[in-house]
Structure formats: C-alpha cells, structure tokens
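J.: This one is work_35.cif, mmCIF, C-alpha atoms and all ligand atoms.
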data_protein
#
loop_
_atom_site.label_atom_id
_atom_site.label_comp_id
_atom_site.auth_asym_id
_atom_site.auth_seq_id
_atom_site.Cartn_x
_atom_site.Cartn_y
_atom_site.Cartn_z
CA MET A 188 4.03 -111.42 -93.52
CA GLU A 189 5.48 -110.25 -90.24
CA VAL A 190 5.74 -106.91 -88.47
CA ILE A 191 9.06 -106.25 -86.76
CA GLU A 192 11.00 -103.34 -85.39
CA TYR A 193 13.00 -101.52 -88.07
CA ASN A 194 16.72 -102.03 -88.31
CA PRO A 195 19.15 -100.35 -90.74
CA LYS A 196 19.36 -103.52 -92.83
CA TYR A 197 15.95 -102.49 -94.19
CA LYS A 198 16.83 -98.85 -94.85
CA GLU A 199 16.50 -99.00 -98.63
CA GLY A 200 13.07 -100.68 -98.54
CA ALA A 201 11.87 -98.36 -95.79
CA LEU A 202 12.94 -95.26 -97.74
CA LYS A 203 11.05 -96.56 -100.78
CA ILE A 204 7.83 -96.51 -98.72
CA TYR A 205 8.53 -92.92 -97.66
CA THR A 206 9.36 -91.68 -101.14
CA GLU A 207 7.20 -93.82 -103.42
CA VAL A 208 4.10 -94.42 -101.28
CA LEU A 209 4.02 -91.29 -99.15
CA GLY A 210 5.61 -88.94 -101.68
CA ILE A 211 8.10 -87.50 -99.18
CA ASP A 212 11.41 -86.25 -100.59
CA LEU A 213 14.48 -88.41 -99.93
CA GLU A 214 16.28 -85.96 -97.63
CA THR A 215 13.25 -85.49 -95.37
CA SER A 216 12.60 -89.25 -95.45
CA GLU A 217 16.15 -90.09 -94.36
CA LYS A 218 15.99 -87.57 -91.51
CA ASP A 219 12.59 -88.82 -90.33
CA LEU A 220 13.63 -92.48 -90.47
CA GLU A 221 16.91 -91.76 -88.66
CA HIS A 222 15.14 -89.73 -85.98
CA HIS A 223 12.31 -92.17 -85.29
CA SER A 224 14.56 -95.23 -85.27
CA LYS A 225 17.01 -93.66 -82.80
CA SER A 226 14.94 -91.47 -80.48
CA GLU A 227 14.13 -92.79 -77.01
CA THR A 228 10.49 -91.84 -77.46
CA SER A 229 9.77 -93.25 -80.89
CA LYS A 230 9.81 -96.48 -82.85
CA VAL A 231 9.63 -97.59 -86.46
CA PHE A 232 7.94 -100.87 -87.35
CA ILE A 233 8.09 -102.51 -90.75
CA ALA A 234 5.92 -105.15 -92.36
CA LYS A 235 7.94 -107.57 -94.45
CA GLU A 236 7.71 -110.79 -96.35
CA ASP A 237 11.12 -112.46 -96.53
CA ASP A 238 13.36 -109.44 -97.17
CA ASN A 239 10.72 -107.50 -99.07
CA ILE A 240 9.44 -104.41 -97.23
CA LEU A 241 5.67 -104.12 -97.65
CA GLY A 242 4.95 -101.25 -95.30
CA LEU A 243 6.13 -99.01 -92.51
CA VAL A 244 4.77 -97.07 -89.55
CA THR A 245 6.45 -94.56 -87.26
CA PHE A 246 5.20 -94.05 -83.71
CA TYR A 247 6.28 -91.48 -81.14
CA TRP A 248 5.02 -90.67 -77.67
CA GLN A 249 5.12 -88.07 -74.96
CA LYS A 250 5.93 -89.15 -71.45
CA TRP A 251 4.26 -86.23 -69.67
CA ASN A 252 0.75 -87.31 -70.64
CA MET A 253 1.48 -90.82 -71.92
CA THR A 254 -0.10 -90.27 -75.30
CA GLY A 255 1.31 -91.44 -78.62
CA HIS A 256 1.07 -90.45 -82.28
CA ILE A 257 1.38 -92.31 -85.51
CA GLY A 258 3.71 -90.22 -87.65
CA VAL A 259 3.65 -91.86 -91.06
CA ILE A 260 2.08 -95.08 -92.26
CA GLY A 261 2.35 -96.50 -95.76
CA VAL A 262 1.90 -99.80 -97.53
CA SER A 263 3.30 -100.50 -101.00
CA PRO A 264 0.52 -100.44 -103.64
CA SER A 265 0.86 -104.14 -104.52
CA ALA A 266 0.36 -105.08 -100.84
CA GLN A 267 -2.55 -102.73 -100.07
CA GLY A 268 -5.95 -104.09 -99.09
CA LYS A 269 -4.50 -107.27 -97.56
CA GLY A 270 -4.39 -106.33 -93.90
CA VAL A 271 -0.80 -105.03 -93.82
CA GLY A 272 -1.78 -101.53 -92.65
CA LYS A 273 -4.01 -102.98 -89.96
CA ALA A 274 -1.18 -105.29 -88.80
CA LEU A 275 1.15 -102.27 -88.55
CA CYS A 276 -1.43 -100.39 -86.43
CA ASN A 277 -2.00 -103.43 -84.23
CA LYS A 278 1.75 -103.65 -83.62
CA VAL A 279 1.71 -99.99 -82.55
CA PHE A 280 -1.27 -100.60 -80.22
CA GLN A 281 0.43 -103.64 -78.66
CA PHE A 282 3.67 -101.72 -78.16
CA ALA A 283 1.79 -98.69 -76.78
CA LYS A 284 -0.04 -100.90 -74.29
CA ASN A 285 3.25 -102.41 -73.12
CA ILE A 286 4.70 -99.00 -72.32
CA LYS A 287 1.42 -97.86 -70.72
CA ILE A 288 0.38 -95.30 -73.34
CA ARG A 289 -3.31 -94.50 -72.82
CA LYS A 290 -4.29 -92.96 -76.15
CA VAL A 291 -2.86 -93.00 -79.68
CA TYR A 292 -3.55 -90.16 -82.14
CA VAL A 293 -3.19 -90.00 -85.89
CA ASP A 294 -3.98 -87.24 -88.35
CA THR A 295 -4.47 -87.11 -92.07
CA SER A 296 -5.54 -84.66 -94.73
CA ILE A 297 -9.28 -84.14 -95.06
CA GLU A 298 -8.70 -84.96 -98.73
CA ASN A 299 -7.32 -88.44 -97.97
CA ILE A 300 -10.68 -90.24 -97.75
CA ASN A 301 -9.06 -93.70 -98.08
CA ALA A 302 -6.85 -93.10 -95.06
CA GLN A 303 -9.86 -91.86 -93.04
CA ILE A 304 -11.82 -95.03 -93.88
CA PHE A 305 -8.77 -97.10 -93.02
CA TYR A 306 -8.35 -95.42 -89.60
CA ILE A 307 -12.05 -95.85 -88.74
CA LYS A 308 -11.88 -99.53 -89.78
CA THR A 309 -8.78 -99.95 -87.62
CA GLY A 310 -10.62 -98.73 -84.54
CA PHE A 311 -9.82 -95.02 -84.46
CA LYS A 312 -12.54 -92.51 -83.59
CA PHE A 313 -12.94 -89.02 -85.04
CA GLU A 314 -11.45 -86.42 -82.69
CA HIS A 315 -11.45 -82.99 -84.38
CA ILE A 316 -10.75 -80.97 -87.53
CA MET A 317 -7.62 -78.83 -87.70
CA LYS A 318 -8.29 -75.85 -89.94
CA ASP A 319 -5.65 -75.19 -92.61
CA TYR A 320 -3.36 -77.71 -90.89
CA TYR A 321 -1.49 -78.96 -93.95
CA LYS A 322 -1.67 -75.76 -95.93
CA GLU A 323 -4.17 -72.96 -96.45
CA GLY A 324 -7.39 -74.59 -97.58
CA GLU A 325 -6.33 -78.12 -96.61
CA ASP A 326 -7.68 -79.10 -93.20
CA GLY A 327 -6.38 -81.98 -91.11
CA VAL A 328 -8.55 -84.60 -89.43
CA MET A 329 -7.44 -85.95 -86.07
CA PHE A 330 -8.39 -89.45 -84.93
CA SER A 331 -7.64 -91.23 -81.68
CA ILE A 332 -7.97 -94.63 -80.09
CA LYS A 333 -8.00 -95.53 -76.42
CA ILE A 334 -5.45 -98.21 -75.59
C1 LIG B 1 -3.90 -96.22 -95.87
C2 LIG B 1 -3.05 -97.50 -95.95
C3 LIG B 1 -1.89 -97.40 -94.97
C4 LIG B 1 -3.92 -98.72 -95.60
O1 LIG B 1 -3.13 -99.88 -95.62
P1 LIG B 1 -3.72 -101.27 -96.18
O2 LIG B 1 -2.73 -102.32 -95.89
O3 LIG B 1 -4.11 -101.08 -97.60
O4 LIG B 1 -5.03 -101.44 -95.31
P2 LIG B 1 -5.66 -102.83 -94.75
O5 LIG B 1 -5.64 -103.82 -95.87
O6 LIG B 1 -4.97 -103.21 -93.50
O7 LIG B 1 -7.14 -102.37 -94.48
C5 LIG B 1 -7.72 -102.30 -93.17
C6 LIG B 1 -9.18 -101.94 -93.32
O8 LIG B 1 -9.32 -100.65 -93.96
C7 LIG B 1 -10.08 -100.76 -95.16
N1 LIG B 1 -9.45 -99.94 -96.20
C8 LIG B 1 -8.12 -99.76 -96.41
N2 LIG B 1 -7.92 -98.98 -97.49
C9 LIG B 1 -9.16 -98.68 -97.95
C10 LIG B 1 -9.63 -97.94 -99.07
N3 LIG B 1 -8.79 -97.35 -99.92
N4 LIG B 1 -10.97 -97.83 -99.27
C11 LIG B 1 -11.85 -98.43 -98.42
N5 LIG B 1 -11.46 -99.17 -97.35
C12 LIG B 1 -10.14 -99.29 -97.13
C13 LIG B 1 -9.97 -102.21 -95.56
O9 LIG B 1 -11.09 -102.61 -96.34
C14 LIG B 1 -9.93 -102.92 -94.23
O10 LIG B 1 -11.24 -103.07 -93.72
P3 LIG B 1 -11.71 -104.39 -92.93
O11 LIG B 1 -10.82 -104.46 -91.70
O12 LIG B 1 -13.13 -104.15 -92.65
O13 LIG B 1 -11.42 -105.54 -93.87
C15 LIG B 1 -2.52 -97.72 -97.40
O14 LIG B 1 -3.60 -97.79 -98.30
C16 LIG B 1 -1.55 -96.67 -97.89
O15 LIG B 1 -0.34 -96.80 -97.69
N6 LIG B 1 -2.06 -95.61 -98.54
C17 LIG B 1 -1.21 -94.59 -99.12
C18 LIG B 1 -0.51 -93.79 -98.07
C19 LIG B 1 -1.45 -93.13 -97.11
O16 LIG B 1 -2.45 -92.54 -97.50
N7 LIG B 1 -1.09 -93.20 -95.82
C20 LIG B 1 -1.82 -92.57 -94.78
C21 LIG B 1 -1.37 -91.17 -94.75
S1 LIG B 1 -1.91 -90.37 -93.30
#
Render the structure in this file as structure tokens.

T.:
Amino acid sequence: MEVIEYNPKYKEGALKIYTEVLGIDLETSEKDLEHHSKSETSKVFIAKEDDNILGLVTFYWQKWNMTGHIGVIGVSPSAQGKGVGKALCNKVFQFAKNIKIRKVYVDTSIENINAQIFYIKTGFKFEHIMKDYYKEGEDGVMFSIKI
C-alpha cells in the first residue's frame, strides 16, 4: 500500500470513497474533489494498492495563521482496520510539516464514535464541542494535533 497525491487517473476510485464510504452525493463529491485537487491551499492524498483505491483524505490550510484542516477521510470497508487511515493522516502531517503548518484540525459528528477513537489513536487531542454543528441536535467534535 502506498499513499500518493491524487491525480485525475484515480477519479473513479476516489469518487467511490466519497459516495460509498462517506455517503456524500455524487455532485457534491465531484465538486469537492475538483476543488481540493486544484486549489493552491489544499491537497488530496489517496492510499492505493496497485490501481485499487483504498482510501482518501483531503487537506486544506490557511496561510494567515498557518493552520490546516482535514476535510474528509475515508477508507473502503474491506481495507479498514489495517493502518490505511493512519497512513493517510501521517501523509498529511508530513506534508503539513514541510509547508510549516503548526496545527492540524479535524472535526467529526459526536455520533461517530469510531472516527473519534481513530483520531485519538492517530495522535489528535480533543479541542472543543460545536453545538448543533452538523444539524440541530447533532454536535460536532473538534480535534487538533500540533505539528
Ligand atoms: C475512520 C477511518 C478513516 C479509519 O481508517 P482505518 O484505516 O480503518 O483506521 P486504521 O486501521 O489506520 O486505525 C488506526 C487506529 O485507530 C483505531 N481504530 C480505527 N477504527 C476503529 C474503530 N472502528 N474502533 C476502534 N478503533 C479503531 C485502530 O485500532 C488503530 O489503532 P492502533 O494505532 O492502536 O492500532 C475508517 O474507519 C473510515 O473510513 N470510516 C468511515 C468513514 C468515516 O467515519 N470517516 C471519518 C469521518 S469524519
């Protein structure tokens, strides 16, 4: 398994992660992938084995305070629990360090316990709760890691 920067050759596999793993509709997925792969302040990394896309992470950053955010992260069900998600995060941390980002944030729904365990295990620390962040009654949890 290797983690590389996304290129359009992997569009179909990348969109499958968005739609099938993250449950995002195709139109929103295409826009998000297009934006994060082309913007000057974001990157998309994919985990792959041969030409098979196992997972994806988007990362964007702000120059004014040199902080970054993980946008989406997903690993295909058959590849989960094998270190792919961690490898995607480590790629983000390495990239962030290279461009002198000092802190990386990520948020998830308070209901996504698995993701919260995953972020803690990957080195993130609890930051704060965001009331009704996803929708009324569904709070967000913000995590961060110092780079
Ligand atoms: C969350 C997700 C990205 C994790 O990816 P992954 O490849 O399965 O995670 P890894 O195998 O790299 O696990 C890293 C660590 O987190 C732990 N972990 C991951 N998923 C876990 C789970 N469901 N329950 C408990 N621990 C978990 C692993 O045990 C591992 O711990 P270790 O380093 O002590 O061995 C993946 O499960 C996924 O795509 N989930 C669905 C989409 C999602 O919820 N995305 C996040 C939305 S914000």

J.: Using all atoms listed in the file, find the one residue out of A:Ile286, A:Val291, A:Thr215, A:Tyr205 that sits nearest to Phe246 of chain A.

T.: A:Val291

J.: For atom CA of Met317 of chain A and atom CA of Thr295 of chain A, determine how far apart the two atoms are, in Å to one decimal place.

T.: 9.9 Å

J.: So which residues touch segment 218-226 of chain A within 9 Å, counting all atoms listed in the file, skipping near sequence neighbours fewer than 4 positions away, as a list in words?

T.: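 In the requested format, the answer is Glu192, Tyr193, Asn194, Pro195, Lys198, Ala201, Leu202, Tyr205, Leu213, Glu214, Lys230, Val231, Phe232, Thr245, Phe246 and Tyr247 of chain A.
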
J.: Write to file, as an mmCIF file, in the frame of the given file, the residues of the selection just made, with C-alpha atoms.

T.:
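again.cif written:
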data_model
loop_
_atom_site.group_PDB
_atom_site.id
_atom_site.type_symbol
_atom_site.label_atom_id
_atom_site.label_comp_id
_atom_site.auth_asym_id
_atom_site.auth_seq_id
_atom_site.Cartn_x
_atom_site.Cartn_y
_atom_site.Cartn_z
ATOM 1 C CA GLU A 192 11.000 -103.340 -85.390
ATOM 2 C CA TYR A 193 13.000 -101.520 -88.070
ATOM 3 C CA ASN A 194 16.720 -102.030 -88.310
ATOM 4 C CA PRO A 195 19.150 -100.350 -90.740
ATOM 5 C CA LYS A 198 16.830 -98.850 -94.850
ATOM 6 C CA ALA A 201 11.870 -98.360 -95.790
ATOM 7 C CA LEU A 202 12.940 -95.260 -97.740
ATOM 8 C CA TYR A 205 8.530 -92.920 -97.660
ATOM 9 C CA LEU A 213 14.480 -88.410 -99.930
ATOM 10 C CA GLU A 214 16.280 -85.960 -97.630
ATOM 11 C CA LYS A 230 9.810 -96.480 -82.850
ATOM 12 C CA VAL A 231 9.630 -97.590 -86.460
ATOM 13 C CA PHE A 232 7.940 -100.870 -87.350
ATOM 14 C CA THR A 245 6.450 -94.560 -87.260
ATOM 15 C CA PHE A 246 5.200 -94.050 -83.710
ATOM 16 C CA TYR A 247 6.280 -91.480 -81.140
#

J.: Could you give me, as a Markdown table, every chain A residue with an atom at most 8 Å from ligand LIG 1 (chain B), plus its closest atom pair and distance in Å to one decimal, counting all atoms listed in the file, rows ordered by chain then number?

T.:
| residue | atom | partner | partner_atom | distance |
| --- | --- | --- | --- | --- |
| A:Val208 | CA | B:LIG1 | C18 | 5.7 |
| A:Leu209 | CA | B:LIG1 | C18 | 5.3 |
| A:Gly242 | CA | B:LIG1 | O15 | 7.3 |
| A:Gly258 | CA | B:LIG1 | S1 | 8.0 |
| A:Val259 | CA | B:LIG1 | S1 | 6.2 |
| A:Ile260 | CA | B:LIG1 | N7 | 5.1 |
| A:Gly261 | CA | B:LIG1 | O15 | 3.3 |
| A:Val262 | CA | B:LIG1 | O15 | 3.7 |
| A:Ser263 | CA | B:LIG1 | O15 | 6.2 |
| A:Pro264 | CA | B:LIG1 | O15 | 7.0 |
| A:Ala266 | CA | B:LIG1 | O2 | 6.5 |
| A:Gln267 | CA | B:LIG1 | O3 | 3.4 |
| A:Gly268 | CA | B:LIG1 | O5 | 3.2 |
| A:Lys269 | CA | B:LIG1 | O5 | 4.0 |
| A:Gly270 | CA | B:LIG1 | O6 | 3.2 |
| A:Val271 | CA | B:LIG1 | O2 | 3.9 |
| A:Gly272 | CA | B:LIG1 | O2 | 3.5 |
| A:Lys273 | CA | B:LIG1 | O6 | 3.7 |
| A:Ala274 | CA | B:LIG1 | O6 | 6.4 |
| A:Leu275 | CA | B:LIG1 | O6 | 7.9 |
| A:Val293 | CA | B:LIG1 | S1 | 7.5 |
| A:Asp294 | CA | B:LIG1 | S1 | 6.2 |
| A:Thr295 | CA | B:LIG1 | S1 | 4.3 |
| A:Ser296 | CA | B:LIG1 | S1 | 6.9 |
| A:Asn299 | CA | B:LIG1 | O16 | 6.4 |
| A:Ile300 | CA | B:LIG1 | N3 | 7.7 |
| A:Asn301 | CA | B:LIG1 | N3 | 4.1 |
| A:Ala302 | CA | B:LIG1 | C1 | 4.4 |
| A:Gln303 | CA | B:LIG1 | C1 | 7.9 |
| A:Ile304 | CA | B:LIG1 | N5 | 5.4 |
| A:Phe305 | CA | B:LIG1 | O8 | 3.7 |
| A:Tyr306 | CA | B:LIG1 | O8 | 6.9 |
| A:Ile307 | CA | B:LIG1 | O8 | 7.6 |
| A:Lys308 | CA | B:LIG1 | O8 | 5.0 |
| A:Thr309 | CA | B:LIG1 | C6 | 6.1 |

J.: Calculate how many Å separate atom CA of Ile288 of chain A from atom CA of Val244 of chain A, rounding to one decimal.

T.: 16.9 Å

J.: Using only C-alpha atoms, which residues sit within 7 Å of Tyr292 of chain A once same-chain residues fewer than 5 positions away are excluded, as a ChimeraX atom specification?

T.: /A:255-257,329-332

J.: Restrict the selected residues to C-alpha atoms and save them as a PDB file, keeping the file's coordinate frame.

T.:
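out_0.pdb, written as the output of this step:
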ATOM      1  CA  GLY A 255       1.310 -91.440 -78.620  1.00  0.00           C
ATOM      2  CA  HIS A 256       1.070 -90.450 -82.280  1.00  0.00           C
ATOM      3  CA  ILE A 257       1.380 -92.310 -85.510  1.00  0.00           C
ATOM      4  CA  MET A 329      -7.440 -85.950 -86.070  1.00  0.00           C
ATOM      5  CA  PHE A 330      -8.390 -89.450 -84.930  1.00  0.00           C
ATOM      6  CA  SER A 331      -7.640 -91.230 -81.680  1.00  0.00           C
ATOM      7  CA  ILE A 332      -7.970 -94.630 -80.090  1.00  0.00           C
TER       8      ILE A 332
END

J.: Nearest to Ile204 of chain A among A:Ser265, A:Ile191, A:Glu325, A:Thr228, with distances taken over only C-alpha atoms: which residue is it?

T.: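 Between A:Ser265, A:Ile191, A:Glu325, A:Thr228, the residue approaching Ile204 of chain A most closely is A:Ser265.
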
J.: Using atom CA of Tyr197 of chain A and atom CA of Asp238 of chain A as the two end points, give the distance in Å to one decimal.

T.: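 Between atom CA of Tyr197 of chain A and atom CA of Asp238 of chain A the gap works out to 8.0 Å.
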
J.: Which residue, A:Ser216, A:Asn277, A:Thr206, A:Asn285, has the smallest gap to Met253 of chain A when you use all atoms listed in the file?

T.: A:Asn285

J.: Check the smallest atom-to-atom distance from each of A:Ile316, A:Ile334, A:Ala234, A:Ile240 to Ala283 of chain A using only C-alpha atoms, then report the winner.

T.: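 Answer, going by the shortest atom-to-atom distance: A:Ile334.
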
J.: Please provide as a list in words all residues within 10 Å of Lys333 of chain A, with the sequence filter that same-chain residues fewer than 5 positions apart are discarded (counting all atoms listed in the file).

T.: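 Everything that qualifies: Thr254, Phe280, Lys284, Ile288, Arg289, Lys290, Val291, Tyr292, Gly310, Phe311 and Lys312 of chain A.
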
J.: Taking all listed atoms of segment 210-216 of chain A, build the axis-aligned box, pad each of the six sides by 3 Å, then write its centre and edge lengths in Å to one decimal as lines of an AutoDock Vina configuration file.

T.:
center_x = 10.9
center_y = -87.4
center_z = -98.5
size_x = 16.7
size_y = 9.8
size_z = 12.3

J.: Give the answer as one residue: which of A:His315, A:Lys235, A:Lys203, A:Lys250 has the shortest atom-to-atom distance to Val190 of chain A, using all atoms listed in the file?

T.: A:Lys235
